[in-house]
Structures are given as structure tokens and as C-alpha cells.
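Undergrad: Structure provided below as C-alpha cells; questions to follow.
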Amino acid sequence: MSVGKKGSAIFSGFRALGLYSNHLAHVLRFHKKHREFYVLTAVGQCFHTYNVKKLGIVAVSNALPEDISSLAADRMLVYAAYGKHISAFAKNKEVVHTYTGHQGDVHLLLPFGDHLISVDKDNVVIIWDVESEGWFFIVFARFTFISCSRIKDIFTVYVICSVNLTTDTYLQISYDKASFEVSALMHPSTYLNKILFGSSQGSLQLWNIKSNKLLFTFPGWASAVTVLQQTPAVDVVGVGLASGQIIIHNIRCNETLMKFQQDWGPVTALSFRTDGHPIMASGSPIGHIGLWDLEEKKLVSQMRDAHTTAIAGLTFLQNEPLLITNGADNAIRVWIFDVAGGDGRLLRHRTGHSAPPTKIKHNDQSGLNILSAGQDGTLQSFSTVHERFNKSLGHGTLNKTRAKKKGVTHDTAKLPAITTFASETARQSDWDGIIACHRGFLVTTTWSYQKGSIGAHKLEPERFNKNRSLNVHATAVDITSCGNFAVIALSSGHIDVYNMQSGFHRGHYGKDKAHAGPVRGVSVDALNQLTVSVGADRLLKIWRFKSKELLHTHSLPAAPASSLLHRDSGMLAIALDDFTIQILDMETRRAVRRFSGHRGQINDMTFSPDGRWLITASMDCAIRTWDLPSGSLVDCFLVDAAAVSLSMSPTGNFLASSHVDGLGIYLWSNNTLCSMVSLRPLSADYEPTVIMLPGTCPSKDTEEEEVLDADSSEMLEYISPAQLDEHLVTLSLLPDSRWKNLLHLDIIKKKNKPKAPPKLPKAAPFFIPTIPGLVPQFALPTTPSEDQSKVVNLGVLAQKSTFYLQLENALDNNSYEEPVKLLRELGPSAIETELRALSPDMGGEVRVMQSFLKMISSILQSKRDFDLAQAYLALFLKLHLRFIADQPELMEEAESVSAHLEETWMSMQTLLNQNICLLSYIKSALL
């Protein structure tokens, strides 16, 4: 089977967590039917739709082949530009149109009635007819003409070219962007068919796109135009400049009404309140927002550090005191203006990492929360259920009180990013349950998940107090399963133990040092009996946790990079610098497995909950799944960006991964939980294929799809046969209630006997008579004959049942499949009735009873329905034992049944003894 063409057999992309916004401005839409505002933000190759009311995610669009470069929307469609193309989305998800025609990358979009205006990097403006998909474009160009009278006469010409989309060729003009490079555009309110363009040279131009004429040119203010925004007043436009100046200009009179100067750099966004307050908000590249009073013409308030990066977009809701902002720091925030002084208060937000995560780990056994430490220095928790359960534990700091006063940006005691951490939920409600190492720092910090903040203790060994200039830092940490102790390993080779409740030092391993070089990994077993550590000195050491004495030393073939202990199974995985992995059994203290195949540094490892799989990620962009019992590679796939951290859910539902230069956490669903997956060892020359991260989609190729369909036929679903082997005994699949109580029916009937006879109802309903059995069947109407007695129905007494007739026929053809099939469909009471009717006293015959015993023999010989044969035979002997003893024919047949029964029991006993012997040897033998 060509598994490489199918990607991963175990994992499939599910969705991404922690992605909310990038450097593009958000888009606001109003749904008339829902009477609700929705905000759209671009995230890589797709965009997300959130409702403003609760900031809950509503939809995630289908992914585009490239990252989105511009986003816009009208009342019907959402437009996303990527590269040289533009896609129109319907229902916030599906692509319904794709517009192609640009020769450069598109960076500006503006919906305009039934048209869409797009601008690319080559300074070409194309106006699309959304319904007919026709288009024409405007090229702002500068030409050099050579005439006879004047050798070089340089002047500016604006050329308008109309082209239909169905035309194969269109006019291409070489030009220079030095004269007018479009940097912003807008549609002035109430101006029919008019578009205002802003340029990087500072000038503005007003065009009529219907008549294709330049109406007016505004000279500008000697600075590049970055933002054009319509004010609540007609004819008045807000212009943001790269110099930080904000111009309120009347385009009808060509008159500047007021000017403001922003001291934080270029203006990145503008918005105006429409709820009766003359307030304008301006965004800056450093994350500050300025609030300006248009009546008093002054700055009334500052919202500092609204975002940690540039303000990408800000929008006041129509007739509401709400401001929506987003930035490249992966955050969406909604501010409400309900306090005195006109300042905004944070109402709700969605915040992720502003820098790529370095370490992720599931927090508890439920698998619903994932702890993530990012290069931005924050520790956050993301919920796999809903964004409202996300929480940020904040930024690491040495002085929590001073950090609250000064803020994170101005905190001089701010700690660097977390490199690794450990968590335990056993006592997290009593004291801190998370301990973290920081990049290049000796101090390790504790964190409280319940409080959602950094903890009370800063753990630092006293041995380095006299010489703090030493370049010593914490390299690995672990918390005991009881949550009482933390084990911290240092780059100097020391390993210390601290109490999590008090923060006191409780000892160290080794007389002086635990290892001669830096410690690369440390773990404590589930019962707090053993501590295992690996160091750069190529040694693995096992210590007694309480007494700190060394119990065992194991030499490694190469220097270890990291280690991971699966506490339930006692398996320790060690990633070595030669790109191999060794598995050590903590009970026998021997290396039991060795895996090789990675072609780069192993970044992280994680075990499956049952300890059968080890999933590893390396810098070769591969994620491999190793099967420990068989010692083989069973799954492998590639990703575009190397995974830096992995975490398998304690429930086994999802695999979480974080990647190089990626801000999100990506979930991969485990296919083995919901479908049958046949895992086969992969060959040595196996070449994995690239799987796109959740939320991205590869370009479809019909040839590849045909190959996939051809290969999928080899992985047919396995259907178990009725009999696995002729030497095995197969039981029936009937429930126990159908055959287990056949010997105790008389006792059951006595217990269920009514205390009083049933009383007829006054008006008894009419019931159609049915035939007794598990499957209800209506009885056919019988017409009484003239010769039959009216007192006793002799036909009923002489009637033979279907089972009785099938047993008679089986004596002739020696086929007992039909009688057995009929008995399987009957209930316990009906079976007893049928077996009683076989006796001559009840209208039966000896030859039919002999046929029943032959039926039991055939069941035993086929070794199928073994439990049913035992139950039917037991009931038959209980009912007719005395009669069988008096009949030689029946005794002879009973002896034959007994011989078959004894033979079957002997073969079963032999198989059971072999299995018991093998299991006892495995349990007692020393491997």
C-alpha cells in the first residue's frame, strides 16, 4: 500500500487554536436579519468571522492558496486578495468567484455598490463588475514623450483602458510610480460614482469611475497618505498622513477644517463616533490610540498600550459607544466608552500569542485545556471547547507588585520567554501547580492556574548567591504526581528539589553535582520513588527520590537532547543528538527500544495515553509515530513548518502541535478512535508526504485524486469470518437472556406467578391473535369446517409445529441448519414448549427426539454456537432424562453426543492450559 500518497493514517487536521488577527485591518459587517454586527479578521490563508456581541467565532472560511493580503466586504460578499488574485466568499466560507487580471500583488480593496475596486503593487487600479465579472482598469503612469520641437518634454498623463474579462489580450503599459502611487482609497458619502485616491506622494485625486474622468486633484500636505476615512459630516474626509498629521478636509470646498498632530508616528487607522459625541480615534504604530475632540480641537484622552504592535484597524460601531480594534499582536479587543473622562474601558477581547509558542502541554486529564508558553514571554491556556474558556496567566516578572503599577511594557524586572515548564493539577487549588524555566535565567518561577497569574515563589539555589556572574540557567523541570515537590535541573549539572507550597529547598542529588555537564532532562516516577536524569556527559542516572542516593548509571551512545517519562507504563524516551531515540524501561533499567530515522534535531516527544505510541517531531519537518510493542514506525507525515512542541491529549482524542513562526496551536484528530485503521510498519525507504496544517488547503490535482482512489482499494475493511479456524470453538452472539436461564424457567415462572387471577376490563379492546415468538407475527384466520366438532377443535391438537416438521425432514436430508436457525429466533419459553412437544406423551415421536440429539451432535462437530448447544442439551435432558434411559435408540444417540462433547472439551482445555502457561511465564520470568 502506498501510504505516502494518503498522508497520515492516524492523524487528520482538525482546527487551529489561538489565531485571531494579523497585520491587516478588520472588516465590520451588519446583518439586517440578525440585527447584529460581525467583525472579520484575516488569519493567514483564511479569515474568521466573530459576532461583536460576545466575540464568539461564527465561521471560518475555506483556505486560499496564499496568505490574504487585503480584506473587504459588502452586504453580500466578502472579498479577499491573495497574490495577483481576488476571491469572493459567500456565507463567510465558500468561494463563489475568483477575479484574475492583475499583473502585480493586490494590496488594496474597496467594494463600491455593484463594483469592486482593487489596487496592486504595480499601481494598476481595476474596477470589477461583481455580477458580470467584467472589468476595466486605470493606470496611473508617467511617460516621456520625444517631439521635434522639444527633445525631452516630460509631463504626466493618466490613461484609462477598458478591457473585457473575456478578451484574451489587454493593454500593458510600462510606467513609473514616482508621480502618483496609490496608497489609500475611499468612496465619499453621497458622491455618486466618485472615488477618492490618496498617494504616497501626498496628493489626492477624485475620479468619476462611470465617465472615467479625473475631476479634481488635491495637492496634499507634503506627506504620504496612509488613511482615508469618511467623517459623519457630508463632504468632510479624515486624512491620515505618514508624518503623524491628521487632516479634516472638506473636499467640496477644498478647505482644511482642522489639523491634529500625533506624536507616535504615522497614522495607521482612523474612526469617528456616531452616537452623538464628536470624538475621533487614531491608531499608531506602537499600539497607542489617541482620542480627539473635534469641537474643542484637542486631544482628550490616550489609550496607551491598547495593543503591543501597530494598530491595524479600529472602528466605532454605528450609533454605539463601542470601539473595535485589532493588531498584529494576534488580538481583537472591544472597548466601551461609559466612564467619565471619555476614556475607553476594555469590554471583551480575544488574545493569542503575539510570538510563536515554544512549549505546549495539556493541563489536566480532561484534555480540554492546553497550556502554551510563547516567545512573547506569556503563559496562556487555550480551551478546545470554546474561546470563552481561554485565559492568560500573564507575563513573567521578578516583582509582581511593581509590574502591576508600571505595566508589562515598562516593567524593568520582566522575565524572558519560557523555554519549558511542568504542571500538575493534584494540589493546584491549594498552591501553585506550574513551574517554568526562562531563557538564560537561573530563577525558575511558579504559576497558579486557578488564579491565572504568576505564583508567589521565585526558586533560586543559594550556592550561586556569591557569584552571580556565572552563566548558569535552569534547563529542565518536573513536578511530582502529588504536586508537593518540584525538581529543577541546571546547566551546571546540579539538580535541586523544592517544596511547591513553601518554596523551601529540600535537598539536591549527588555529593557536589548530579552530572559533569548540563542536565538535559529530569523526571520523577508516579509513586515518588525514583528520579531519573540525563546529562550532556552521556550518562543516565536513576536516584532514589527521598534519600537522594544513586541507584543506577547507564551510559548513552550519544549526548541526550531531552527526555520524557510516561509515568503509567514506566517507559522513558530519550532523544539523542545523533537524531535517534532510546526507550528505557524503568523497572528492568534496560534499553528496550531504539528508533532511528529522523534527519534533524528532535524538538519534542509525547506518549499516547496508553503508552503504546511515541510521537516525535524534529527539524526535518517530520512528525513520526513509533509503535513501542512492535518497535516499528507506523506513521509519518511532513508539515510545511517544523513542529517545535507536541502534546497528546490524555483522552487520546487529539494531538496538539506548535510550529516554527506560527502563532497558533494546531489540533490533529486521532482517526483510530472513530474508524478502523490498519497500522503496518513502514518500510525503510518510505518517503512521507506533506500535510497542510489545519485551516490550510493544498491545490487540488485530478491526477493525484485518481491515484488516491486507486490506492484506497487496498485498504478494505476487515470482516471477521463466522469461524476463524476449524480447531477453535465459536460462541453465538445471542444475549445471555436467550439461553442462560433455560434450566431455571420453572423457578422464574413461580416467582412471576400473579397473586390474584387477572381481571377482565369492562370494555376489552380487540386484539388480533399473534403467534408466540420474539418476532411478532399475526395468526392467519381459520375457517371452521362442517365435520369438525364445535366443542373440541381436534385440528389444533393434531397440529405439528414448524420446528417439529424441520426435525423430521432433517432425518432424511441430514441437514440441521434450519432447525438451529429457528431455535435461535425463539425465546426461552417457546424453546421449552418446543422441546416438551418432542415427547410421545405430548404428541411427539422417538425418532424426532433422536433427530434432536443428532442436531446437537452436528452443532458440536461444527464447533459453532457452542453455548447454545450446551443450553439446549441441558434442557432436553432435564425434561426427558427418564424417557431417554428407557429407549435404546435414544441411549445410543446420547452416547454419541457425549463422545463429541468430551472431545470438544478436551481440545478447549488443551488450548486454555497452553495460554495459562504462557501468561504465567511472561509474568514471572525476568527479561
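Ligands are numbered from 1 in the order shown, chains are lettered A, B, ... in the order of the C-alpha cells, and residues start at 1 in each chain.
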Write out as a list in words the residues lying within 8 Å of Phe47 of chain A, counting only C-alpha atoms and excluding same-chain residues fewer than 5 positions away.

TA: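 Contacts, with the query itself left out: Leu40, Thr41, Ala42, Val60 and Ser61 of chain A.
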
Undergrad: Quick one: residues within 9 Å of Lys359 of chain A, only C-alpha atoms, excluding same-chain residues fewer than 6 positions away - as a list in words?

TA: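 Those residues are Leu371, Ser372, Ala373, Gly374, Ile418, Thr419, Thr420, Phe421, Asp604, Val644, Ser645, Leu646 and Ser658 of chain A.
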
Undergrad: Could you please determine the separation between atom CA of Ser392 of chain A and atom CA of Ala25 of chain A in Å, to one decimal place?

TA: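 Spanning atom CA of Ser392 of chain A to atom CA of Ala25 of chain A is a straight-line distance of 23.9 Å.
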
Undergrad: Just want the 9 Å neighbourhood of Arg680 of chain A, counted on only C-alpha atoms, with same-chain residues fewer than 5 positions away dropped. Output as a PyMOL selection string.

TA: chain A and resi 632-635

Undergrad: Please, what distance in Å, to one decimal, runs between atom CA of Gln230 of chain A and atom CA of Leu185 of chain A?

TA: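 We find that atom CA of Gln230 of chain A and atom CA of Leu185 of chain A lie 10.7 Å from each other.
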
Undergrad: Per DSSP on the backbone, what are the strand (DSSP E or B) residues of segment 355-550 of chain A, as number ranges by chain?

TA: A: 357-362, 369-374, 378-383, 391-395, 397, 414, 418-423, 434-438, 444-448, 453-459, 474-479, 485-490, 495-499, 505-508, 519-524, 530-535, 539-544, 550

Undergrad: Could you list, as a ChimeraX atom specification, every residue within 9 Å of segment 217-228 of chain A, counting only C-alpha atoms and ignoring same-chain residues fewer than 6 positions away?

TA: /A:182-186,196-206,237-243,245,247,251,254,266-270

Undergrad: Applying 10 Å and only C-alpha atoms, which residues near Trp739 of chain A remain after dropping the ones on its own chain fewer than 6 positions away? List them as an mmCIF file with C-alpha atoms, in the first residue's frame.

TA:
```cif
data_model
loop_
_atom_site.group_PDB
_atom_site.id
_atom_site.type_symbol
_atom_site.label_atom_id
_atom_site.label_comp_id
_atom_site.auth_asym_id
_atom_site.auth_seq_id
_atom_site.Cartn_x
_atom_site.Cartn_y
_atom_site.Cartn_z
ATOM 1 C CA ARG A 824 -32.050 -19.071 17.646
ATOM 2 C CA LEU A 826 -37.290 -18.306 19.691
ATOM 3 C CA GLY A 827 -37.427 -17.078 23.236
ATOM 4 C CA PRO A 828 -36.767 -19.224 26.351
ATOM 5 C CA ILE A 831 -37.904 -23.202 23.301
ATOM 6 C CA ASP A 867 -23.038 -22.138 24.256
ATOM 7 C CA LEU A 868 -26.418 -22.746 22.621
ATOM 8 C CA ALA A 869 -25.704 -26.467 22.178
ATOM 9 C CA GLN A 870 -24.892 -26.769 25.874
ATOM 10 C CA ALA A 871 -28.053 -24.935 26.947
ATOM 11 C CA TYR A 872 -30.390 -26.843 24.589
ATOM 12 C CA LEU A 875 -32.866 -28.515 28.957
#
```

Undergrad: Which residues are near segment 527-534 of chain A? Cut-off 7 Å, only C-alpha atoms, ignore same chain within fewer than 5 positions. Put them as an MDAnalysis selection string.

TA: chainID A and resid 480 519:522 539:545 560

Undergrad: I'd like the contact shell of Thr833 of chain A - 12 Å cut-off, only C-alpha atoms, skipping same-chain residues fewer than 3 positions apart - returned as an MDAnalysis selection string.

TA: chainID A and resid 742 745 772:773 801 803:804 823 826:830 836:839 842 875:876 879
